[in-house]
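Source file: final04.csv. Holds: CSV, C-alpha atoms and all ligand atoms.
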```csv
chain,number,residue,atom,x,y,z
D,1,MET,CA,-15.2,-2.5,-0.8
D,2,HIS,CA,-12.9,-5.5,-0.6
D,3,VAL,CA,-9.5,-4.6,0.9
D,4,VAL,CA,-6.4,-6.9,0.5
D,5,VAL,CA,-3.2,-6.0,2.3
D,6,ASN,CA,-0.1,-7.5,0.7
D,7,ALA,CA,3.5,-7.0,1.9
D,8,ALA,CA,6.9,-8.8,2.1
D,9,MET,CA,8.8,-9.1,5.3
D,10,SER,CA,12.1,-10.6,6.4
D,11,ALA,CA,12.1,-13.7,8.6
D,12,ASP,CA,12.4,-11.3,11.6
D,13,GLY,CA,9.3,-9.3,10.5
D,14,LYS,CA,10.8,-6.2,9.0
D,15,LEU,CA,9.5,-4.4,5.8
D,16,SER,CA,12.8,-2.5,5.2
D,17,THR,CA,15.9,-1.3,7.0
D,18,HIS,CA,15.9,1.1,10.0
D,19,ASP,CA,16.8,4.0,7.6
D,20,ARG,CA,13.8,3.0,5.5
D,21,GLU,CA,15.8,1.9,2.5
D,22,GLN,CA,13.8,-0.4,0.2
D,23,VAL,CA,14.9,-4.0,0.3
D,24,ALA,CA,14.0,-6.7,-2.3
D,25,ILE,CA,12.6,-9.3,0.1
D,26,SER,CA,10.5,-11.0,-2.6
D,27,GLY,CA,12.1,-13.0,-5.4
D,28,GLU,CA,10.9,-13.3,-9.0
D,29,ALA,CA,7.9,-15.6,-8.3
D,30,ASP,CA,6.6,-13.3,-5.5
D,31,PHE,CA,7.1,-10.1,-7.5
D,32,ASP,CA,5.1,-11.8,-10.4
D,33,ARG,CA,2.3,-12.7,-7.9
D,34,VAL,CA,2.2,-9.1,-6.7
D,35,ASP,CA,2.0,-7.9,-10.3
D,36,GLY,CA,-1.1,-10.3,-10.7
D,37,LEU,CA,-2.7,-8.9,-7.5
D,38,ARG,CA,-2.2,-5.4,-8.8
D,39,ALA,CA,-3.8,-6.4,-12.1
D,40,ASP,CA,-6.8,-7.8,-10.3
D,41,SER,CA,-7.4,-4.6,-8.3
D,42,ASP,CA,-9.2,-1.4,-9.1
D,43,ALA,CA,-6.6,0.6,-7.1
D,44,VAL,CA,-3.3,0.1,-5.3
D,45,MET,CA,-2.7,2.1,-2.1
D,46,VAL,CA,0.3,3.1,0.0
D,47,GLY,CA,1.0,5.6,2.7
D,48,VAL,CA,3.1,8.7,2.0
D,49,GLY,CA,5.9,7.2,4.0
D,50,THR,CA,6.3,4.6,1.3
D,51,VAL,CA,6.2,7.2,-1.4
D,52,LEU,CA,8.9,9.3,0.3
D,53,ALA,CA,11.1,6.2,0.9
D,54,ASP,CA,10.6,4.2,-2.3
D,55,ASP,CA,9.1,6.5,-5.0
D,56,PRO,CA,7.1,3.5,-6.3
D,57,SER,CA,5.2,3.4,-9.5
D,58,LEU,CA,2.6,0.8,-8.4
D,59,THR,CA,1.8,-0.1,-12.0
D,60,VAL,CA,1.3,-3.6,-13.6
D,61,ASP,CA,4.3,-4.7,-15.6
D,62,ASP,CA,3.1,-7.8,-17.5
D,63,PRO,CA,1.6,-6.7,-21.0
D,64,ASP,CA,-0.7,-9.7,-21.0
D,65,ARG,CA,-2.3,-8.7,-17.7
D,66,ILE,CA,-2.6,-5.1,-19.0
D,67,ALA,CA,-4.4,-6.4,-22.1
D,68,GLN,CA,-6.7,-8.6,-20.0
D,69,ARG,CA,-7.7,-5.6,-18.0
D,70,GLY,CA,-8.7,-3.9,-21.2
D,71,ASP,CA,-10.7,-7.0,-22.3
D,72,ARG,CA,-12.8,-6.8,-19.2
D,73,GLY,CA,-13.4,-3.1,-19.7
D,74,ASP,CA,-11.0,-1.9,-17.0
D,75,PRO,CA,-8.5,0.9,-17.5
D,76,PRO,CA,-5.1,-0.5,-18.5
D,77,GLN,CA,-3.6,0.2,-15.1
D,78,PRO,CA,-5.2,0.2,-11.6
D,79,ALA,CA,-5.5,3.6,-10.0
D,80,ARG,CA,-2.9,4.6,-7.4
D,81,VAL,CA,-3.9,5.9,-4.0
D,82,VAL,CA,-1.8,7.6,-1.4
D,83,ALA,CA,-2.8,8.3,2.2
D,84,ASP,CA,-1.1,11.6,2.7
D,85,SER,CA,-2.5,13.7,5.6
D,86,ARG,CA,-0.4,16.8,5.0
D,87,ALA,CA,0.0,16.5,1.2
D,88,ARG,CA,3.7,15.7,1.4
D,89,THR,CA,3.8,13.7,-1.9
D,90,PRO,CA,6.5,15.3,-4.0
D,91,PRO,CA,5.0,16.7,-7.2
D,92,ASP,CA,7.7,14.8,-9.2
D,93,ALA,CA,6.9,11.5,-7.6
D,94,GLN,CA,6.5,8.6,-10.0
D,95,ILE,CA,3.0,7.9,-8.6
D,96,LEU,CA,1.9,11.2,-10.2
D,97,ASP,CA,3.0,10.3,-13.7
D,98,ASP,CA,0.4,9.7,-16.4
D,99,GLU,CA,0.7,5.9,-16.4
D,100,ALA,CA,-2.5,5.6,-14.3
D,101,GLU,CA,-5.1,7.7,-12.4
D,102,THR,CA,-3.9,8.8,-9.0
D,103,TYR,CA,-5.9,9.7,-5.9
D,104,LEU,CA,-4.4,11.5,-2.9
D,105,VAL,CA,-6.4,11.2,0.3
D,106,VAL,CA,-5.4,14.2,2.5
D,107,GLY,CA,-6.5,15.7,5.8
D,108,GLU,CA,-8.7,18.8,5.7
D,109,ARG,CA,-5.8,20.8,7.2
D,110,ALA,CA,-3.3,20.0,4.4
D,111,ALA,CA,-1.8,23.3,3.1
D,112,THR,CA,-3.9,24.7,0.2
D,113,GLU,CA,-0.9,25.5,-1.9
D,114,LYS,CA,0.4,22.0,-1.6
D,115,VAL,CA,-3.0,20.5,-2.5
D,116,GLU,CA,-3.3,22.8,-5.5
D,117,ARG,CA,0.2,21.9,-6.7
D,118,LEU,CA,-0.7,18.2,-6.5
D,119,GLU,CA,-4.0,18.8,-8.3
D,120,SER,CA,-2.1,20.6,-11.1
D,121,THR,CA,-0.4,17.2,-11.9
D,122,GLY,CA,-3.8,15.7,-12.8
D,123,ALA,CA,-4.2,13.8,-9.5
D,124,THR,CA,-7.6,13.8,-7.8
D,125,VAL,CA,-7.4,15.1,-4.2
D,126,ILE,CA,-9.9,13.7,-1.6
D,127,ALA,CA,-10.2,15.3,1.8
D,128,ALA,CA,-11.1,12.9,4.6
D,129,GLY,CA,-10.4,13.6,8.3
D,130,HIS,CA,-8.7,16.7,9.9
D,131,ASP,CA,-5.1,16.3,11.0
D,132,ARG,CA,-4.9,12.7,9.9
D,133,VAL,CA,-6.6,10.9,7.1
D,134,ASP,CA,-9.9,9.2,8.3
D,135,LEU,CA,-9.4,6.0,6.4
D,136,SER,CA,-13.0,4.8,6.7
D,137,ALA,CA,-14.3,8.1,5.1
D,138,GLY,CA,-11.4,8.0,2.6
D,139,LEU,CA,-12.3,4.5,1.4
D,140,ASP,CA,-16.0,5.4,1.2
D,141,ALA,CA,-15.0,8.3,-1.1
D,142,LEU,CA,-12.9,6.0,-3.2
D,143,GLU,CA,-15.8,3.6,-3.5
D,144,SER,CA,-17.9,6.5,-4.9
D,145,HIS,CA,-15.2,6.8,-7.6
D,146,GLY,CA,-15.8,3.1,-8.6
D,147,ILE,CA,-13.0,1.5,-6.6
D,148,ASP,CA,-14.4,-1.7,-5.2
D,149,ARG,CA,-11.2,-3.9,-5.0
D,150,LEU,CA,-8.4,-2.2,-3.2
D,151,MET,CA,-4.9,-3.6,-2.7
D,152,VAL,CA,-2.8,-2.1,0.0
D,153,GLU,CA,1.0,-2.5,-0.2
D,154,GLY,CA,2.1,-0.7,3.0
D,155,GLY,CA,3.9,0.5,4.8
D,156,GLY,CA,3.5,-0.5,8.4
D,157,GLU,CA,1.9,2.7,9.7
D,158,LEU,CA,-0.9,2.5,7.1
D,159,ILE,CA,-1.4,-1.2,7.6
D,160,PHE,CA,-1.8,-0.8,11.3
D,161,SER,CA,-4.4,1.9,10.9
D,162,LEU,CA,-6.4,-0.1,8.4
D,163,PHE,CA,-6.5,-3.0,10.9
D,164,ALA,CA,-7.3,-0.7,13.8
D,165,ASP,CA,-10.3,0.7,11.8
D,166,ASP,CA,-11.4,-2.9,10.9
D,167,LEU,CA,-11.1,-2.2,7.2
D,168,VAL,CA,-9.1,-5.2,6.0
D,169,ASP,CA,-10.6,-8.3,4.5
D,170,GLU,CA,-7.5,-10.3,3.5
D,171,LEU,CA,-3.8,-10.3,4.4
D,172,SER,CA,-1.1,-11.9,2.3
D,173,VAL,CA,2.5,-11.8,3.5
D,174,PHE,CA,5.6,-13.2,1.8
D,175,VAL,CA,8.2,-14.1,4.5
D,176,GLY,CA,11.6,-13.9,2.8
D,177,PRO,CA,14.7,-15.9,3.6
D,178,MET,CA,16.7,-13.0,5.2
D,179,LEU,CA,17.1,-11.1,8.4
D,180,ILE,CA,17.0,-7.3,8.4
D,181,GLY,CA,17.0,-6.5,12.1
D,182,GLY,CA,16.9,-3.1,13.8
D,183,ARG,CA,14.5,-2.1,16.6
D,184,ASP,CA,13.4,0.9,14.6
D,185,ALA,CA,13.0,-0.9,11.2
D,186,PRO,CA,9.4,-0.8,9.9
D,187,THR,CA,7.3,-3.9,10.6
D,188,LEU,CA,4.1,-5.2,9.1
D,189,ALA,CA,2.0,-3.3,11.6
D,190,ASP,CA,3.5,-0.4,13.4
D,191,GLY,CA,1.4,2.5,14.7
D,192,ASP,CA,0.7,2.5,18.4
D,193,GLY,CA,0.1,-1.3,18.5
D,194,PHE,CA,-2.8,-3.1,20.0
D,195,LEU,CA,-3.3,-3.7,23.8
D,196,GLU,CA,-6.6,-5.5,23.4
D,197,GLY,CA,-9.0,-6.4,20.6
D,198,PHE,CA,-6.2,-8.0,18.6
D,199,PRO,CA,-7.3,-8.6,15.0
D,200,VAL,CA,-7.7,-12.3,14.5
D,201,LEU,CA,-6.8,-14.1,11.2
D,202,ASP,CA,-8.0,-17.3,9.6
D,203,LEU,CA,-5.2,-19.0,7.8
D,204,ARG,CA,-6.3,-19.8,4.2
D,205,ASP,CA,-3.1,-21.3,2.7
D,206,VAL,CA,0.6,-21.6,2.9
D,207,GLU,CA,2.9,-21.8,-0.2
D,208,GLN,CA,6.6,-22.1,-0.5
D,209,MET,CA,8.2,-19.7,-3.1
D,210,ASP,CA,11.5,-17.9,-3.7
D,211,GLY,CA,13.1,-19.8,-0.7
D,212,GLY,CA,10.5,-18.3,1.6
D,213,VAL,CA,6.9,-18.7,2.4
D,214,LEU,CA,3.6,-17.0,1.3
D,215,LEU,CA,1.0,-16.9,4.0
D,216,ARG,CA,-2.6,-16.0,3.1
D,217,TRP,CA,-5.1,-15.1,5.8
D,218,ASP,CA,-8.7,-14.0,5.9
D,219,VAL,CA,-9.5,-11.4,8.6
D,220,ALA,CA,-12.0,-13.1,11.0
W,301,LIG,N1,8.3,-4.9,2.1
W,301,LIG,C1,7.2,-4.4,1.7
W,301,LIG,O1,6.3,-5.1,1.2
W,301,LIG,C2,7.0,-2.9,1.8
W,301,LIG,C3,7.9,-2.1,2.5
W,301,LIG,N2,7.6,-0.8,2.6
W,301,LIG,C4,8.5,0.0,3.4
W,301,LIG,O2,7.8,0.6,4.5
W,301,LIG,C5,8.5,1.9,4.8
W,301,LIG,C6,7.4,3.0,4.8
W,301,LIG,O3,6.5,2.6,5.8
W,301,LIG,P1,6.0,3.6,6.9
W,301,LIG,O4,7.1,4.5,7.3
W,301,LIG,O5,5.3,2.9,7.9
W,301,LIG,O6,5.0,4.6,6.1
W,301,LIG,P2,3.6,4.4,5.4
W,301,LIG,O7,3.8,4.1,4.0
W,301,LIG,O8,2.7,3.4,6.2
W,301,LIG,O9,3.0,5.8,5.5
W,301,LIG,C7,2.6,6.4,6.7
W,301,LIG,C8,2.2,7.8,6.5
W,301,LIG,O10,0.9,7.7,5.9
W,301,LIG,C9,0.2,8.9,6.3
W,301,LIG,N3,-1.2,8.5,6.8
W,301,LIG,C10,-2.3,9.2,6.5
W,301,LIG,N4,-3.3,8.8,7.2
W,301,LIG,C11,-2.9,7.8,7.9
W,301,LIG,C12,-3.5,6.9,8.9
W,301,LIG,N5,-4.8,7.0,9.1
W,301,LIG,N6,-2.8,6.0,9.5
W,301,LIG,C13,-1.4,5.9,9.2
W,301,LIG,N7,-0.8,6.6,8.3
W,301,LIG,C14,-1.5,7.6,7.7
W,301,LIG,C15,0.9,9.6,7.4
W,301,LIG,O11,1.6,10.7,6.9
W,301,LIG,C16,2.0,8.5,7.8
W,301,LIG,O12,3.2,9.2,8.3
W,301,LIG,C17,9.5,2.1,3.7
W,301,LIG,O13,10.8,1.8,4.3
W,301,LIG,C18,9.1,1.1,2.6
W,301,LIG,O14,10.3,0.7,1.9
W,301,LIG,C19,6.5,-0.2,2.2
W,301,LIG,C20,5.5,-1.0,1.5
W,301,LIG,C21,5.7,-2.4,1.3
W,302,LIG,N1,5.9,-7.3,-2.5
W,302,LIG,C1,7.0,-6.6,-2.2
W,302,LIG,N2,8.1,-7.3,-2.0
W,302,LIG,C2,9.2,-6.6,-1.7
W,302,LIG,O1,10.4,-7.3,-1.5
W,302,LIG,C3,9.2,-5.2,-1.6
W,302,LIG,N3,10.3,-4.5,-1.3
W,302,LIG,C4,7.9,-4.6,-1.8
W,302,LIG,N4,7.8,-3.2,-1.7
W,302,LIG,C5,6.7,-2.6,-2.3
W,302,LIG,O2,6.7,-2.4,-3.7
W,302,LIG,C6,6.7,-1.1,-4.0
W,302,LIG,C7,7.5,-0.8,-5.2
W,302,LIG,O3,6.7,-0.8,-6.3
W,302,LIG,P1,7.2,-0.5,-7.8
W,302,LIG,O4,8.0,-1.7,-8.2
W,302,LIG,O5,7.9,0.8,-7.8
W,302,LIG,O6,5.9,-0.4,-8.6
W,302,LIG,C8,7.3,-0.4,-2.8
W,302,LIG,O7,7.0,1.0,-2.7
W,302,LIG,C9,6.6,-1.2,-1.7
W,302,LIG,O8,5.2,-0.8,-1.7
W,302,LIG,N5,6.9,-5.3,-2.1
```
If you convert what's in this file into structure tokens, what do you get?
Ligand SMILES: NC(=O)C1=CN([C@@H]2O[C@H](COP(=O)(O)OP(=O)(O)OC[C@H]3O[C@@H](n4cnc5c(N)ncnc54)[C@H](O)[C@@H]3O)[C@@H](O)[C@H]2O)C=CC1
Ligand SMILES: Nc1nc(O)c(N)c(N[C@@H]2O[C@H](COP(=O)(O)O)[C@@H](O)[C@H]2O)n1
Amino acid sequence: MHVVVNAAMSADGKLSTHDREQVAISGEADFDRVDGLRADSDAVMVGVGTVLADDPSLTVDDPDRIAQRGDRGDPPQPARVVADSRARTPPDAQILDDEAETYLVVGERAATEKVERLESTGATVIAAGHDRVDLSAGLDALESHGIDRLMVEGGGELIFSLFADDLVDELSVFVGPMLIGGRDAPTLADGDGFLEGFPVLDLRDVEQMDGGVLLRWDVA
């Protein structure tokens, strides 16, 4: 599986405010690029923290891109994936609507009634790991469902864990022309942080857009 992490951060490295309110850091050009990345993916993944904070849809907007997916034999929309250890995704979340297929990767100890409620929305529930989702096992299971190109949009907890488990191939970050601040505001990679074995990145290209900069890296 090829895993691309994409996110937008402020010039001071924050993904959103300290109260986890969504902020439009990207401008029109970057949001359009993100739409293209989604269209080129088999699935788009977030952590449940992002679902609870933003209630995203994670769908492709551009009708031409949706048509092109059909032309190459893909479903009109990429699947959505949530890493959700305790099955906390609200049953009325947008990510569970019928716009696209949805996979919820949960821990084996997630409450059965919550899992059944989520399955009743039509989502596919995959159990991987005990208290917390084992991302390596979860991605292997997704691969067996035909997901080879995975785009990850965040947030910082999930991104850190994917790097910690050495599961990321590419990282693209839009650095927007604003400061958000706040010592508790989410950053690109939160989790426990690395003390050694820092993931190393090879810079592929740099592009100016929307008054900020897009940085694209390959993971070494
Ligand atoms: N600017 C941007 O590009 C983006 C910003 N955001 C922002 O990020 C914030 C949400 O980020 P976070 O709170 O960090 O939550 P998150 O979206 O990274 O989800 C973290 C949750 O995922 C679940 N999870 C399951 N298995 C896990 C594992 N192995 N490792 C880590 N998490 C695992 C846990 O329940 C954990 O609490 C929101 O404020 C949202 O607006 C989110 C995505 C993109
Ligand atoms: N690329 C990007 N730029 C920003 O400025 C952002 N705030 C985000 N946030 C991510 O986009 C998701 C919203 O998706 P929908 O528009 O609802 O499909 C949000 O949940 C974050 O993952 N991304």
Residue among D:Ala185, D:Ala127, D:Leu96, D:Met45 lying closest to D:Val115, counting only C-alpha atoms: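 Between D:Ala185, D:Ala127, D:Leu96, D:Met45, the residue approaching D:Val115 most closely is D:Ala127.
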Selection as a PyMOL selection string: residues within 6 Å of ligand LIG 301 (chain W) by all atoms listed in the file: chain D and resi 7-9+15-16+20-22+46-50+53-54+83-85+132-135+153-158+161+186
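Every protein or nucleic acid residue with an atom no more than 10 Å from D:Lys14, counting only C-alpha atoms and leaving out same-chain residues fewer than 5 positions away, appears here: Ala8, Met9, Val23, Ile25, Gly156, Val175, Gly176, Met178, Leu179, Ile180, Gly181, Gly182, Arg183, Asp184, Ala185, Pro186, Thr187, Leu188 and Ala189 of chain D.
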Proximity to ligand LIG 302 (chain W) - best of D:Ala128, D:Leu118, D:Val173, D:Val4, only C-alpha atoms and all ligand atoms: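 Between D:Ala128, D:Leu118, D:Val173, D:Val4, the residue approaching ligand LIG 302 (chain W) most closely is D:Val173.
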Exercise: D:Gly197 partners within 12 Å, only C-alpha atoms, chain neighbours under 4 positions left out, as a list in words: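 So the residues in contact are Phe163, Ala164, Asp165, Asp166 and Gly193 of chain D.
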Among the residues D:Gln94, D:Ser144, D:Ser136, D:Thr112, the one that comes closest to ligand LIG 302 (chain W) [using all atoms listed in the file]: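 Comparing D:Gln94, D:Ser144, D:Ser136, D:Thr112 against ligand LIG 302 (chain W), the winner is D:Gln94.
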Of the listed residues D:Thr89, D:Ser120, D:Gln77, D:Asn6, that which approaches D:Glu101 most closely, counting all atoms listed in the file: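 Once distances to D:Glu101 are computed over all atoms listed in the file, the minimum belongs to D:Gln77.
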Pick from D:Leu162, D:Glu170, D:Ala111, D:Met209, whichever lies nearest to D:His2 using only C-alpha atoms: D:Glu170
Option closest in space to ligand LIG 302 (chain W), from D:Ile126, D:Ala39, D:Leu195, D:Leu201 [counting all atoms listed in the file]: D:Ala39
Spatial neighbours of D:Pro91, 12 Å, only C-alpha atoms, chain gap at least 2 places, as a list in words: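 Within the cut-off, the hits are Val51, Leu52, Asp55, Ala87, Arg88, Thr89, Ala93, Gln94, Ile95, Leu96, Asp97, Leu104, Glu113, Lys114, Val115, Glu116, Arg117, Leu118, Glu119, Ser120, Thr121, Gly122 and Ala123 of chain D.
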One-decimal distance in Å that lies between atom CA of D:Val82 and atom CA of D:Pro56: 11.0 Å
Please return stretch 91-103 of chain D, rebuilt to N, CA and C atoms, as an mmCIF file, in the frame of the given file.
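Output contents, as saved in part_25.cif:
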```cif
data_model
loop_
_atom_site.group_PDB
_atom_site.id
_atom_site.type_symbol
_atom_site.label_atom_id
_atom_site.label_comp_id
_atom_site.auth_asym_id
_atom_site.auth_seq_id
_atom_site.Cartn_x
_atom_site.Cartn_y
_atom_site.Cartn_z
ATOM 1 N N PRO D 91 5.721 16.607 -5.911
ATOM 2 C CA PRO D 91 5.000 16.700 -7.200
ATOM 3 C C PRO D 91 5.725 15.970 -8.338
ATOM 4 N N ASP D 92 7.016 15.613 -8.171
ATOM 5 C CA ASP D 92 7.700 14.800 -9.200
ATOM 6 C C ASP D 92 7.724 13.331 -8.886
ATOM 7 N N ALA D 93 6.901 12.894 -7.925
ATOM 8 C CA ALA D 93 6.900 11.500 -7.600
ATOM 9 C C ALA D 93 6.370 10.639 -8.757
ATOM 10 N N GLN D 94 6.917 9.432 -8.905
ATOM 11 C CA GLN D 94 6.500 8.600 -10.000
ATOM 12 C C GLN D 94 4.982 8.271 -9.952
ATOM 13 N N ILE D 95 4.456 8.238 -8.736
ATOM 14 C CA ILE D 95 3.000 7.900 -8.600
ATOM 15 C C ILE D 95 2.111 8.938 -9.202
ATOM 16 N N LEU D 96 2.679 10.123 -9.529
ATOM 17 C CA LEU D 96 1.900 11.200 -10.200
ATOM 18 C C LEU D 96 2.084 11.234 -11.671
ATOM 19 N N ASP D 97 2.791 10.243 -12.230
ATOM 20 C CA ASP D 97 3.000 10.300 -13.700
ATOM 21 C C ASP D 97 1.670 9.935 -14.386
ATOM 22 N N ASP D 98 1.680 9.941 -15.722
ATOM 23 C CA ASP D 98 0.400 9.700 -16.400
ATOM 24 C C ASP D 98 0.157 8.272 -16.797
ATOM 25 N N GLU D 99 0.875 7.352 -16.139
ATOM 26 C CA GLU D 99 0.700 5.900 -16.400
ATOM 27 C C GLU D 99 -0.713 5.439 -15.912
ATOM 28 N N ALA D 100 -1.219 6.081 -14.868
ATOM 29 C CA ALA D 100 -2.500 5.600 -14.300
ATOM 30 C C ALA D 100 -3.085 6.817 -13.517
ATOM 31 N N GLU D 101 -4.379 6.657 -13.207
ATOM 32 C CA GLU D 101 -5.100 7.700 -12.400
ATOM 33 C C GLU D 101 -4.501 7.638 -10.967
ATOM 34 N N THR D 102 -4.428 8.795 -10.335
ATOM 35 C CA THR D 102 -3.900 8.800 -9.000
ATOM 36 C C THR D 102 -4.860 9.620 -8.047
ATOM 37 N N TYR D 103 -5.136 9.036 -6.874
ATOM 38 C CA TYR D 103 -5.900 9.700 -5.900
ATOM 39 C C TYR D 103 -5.043 9.966 -4.645
#
```
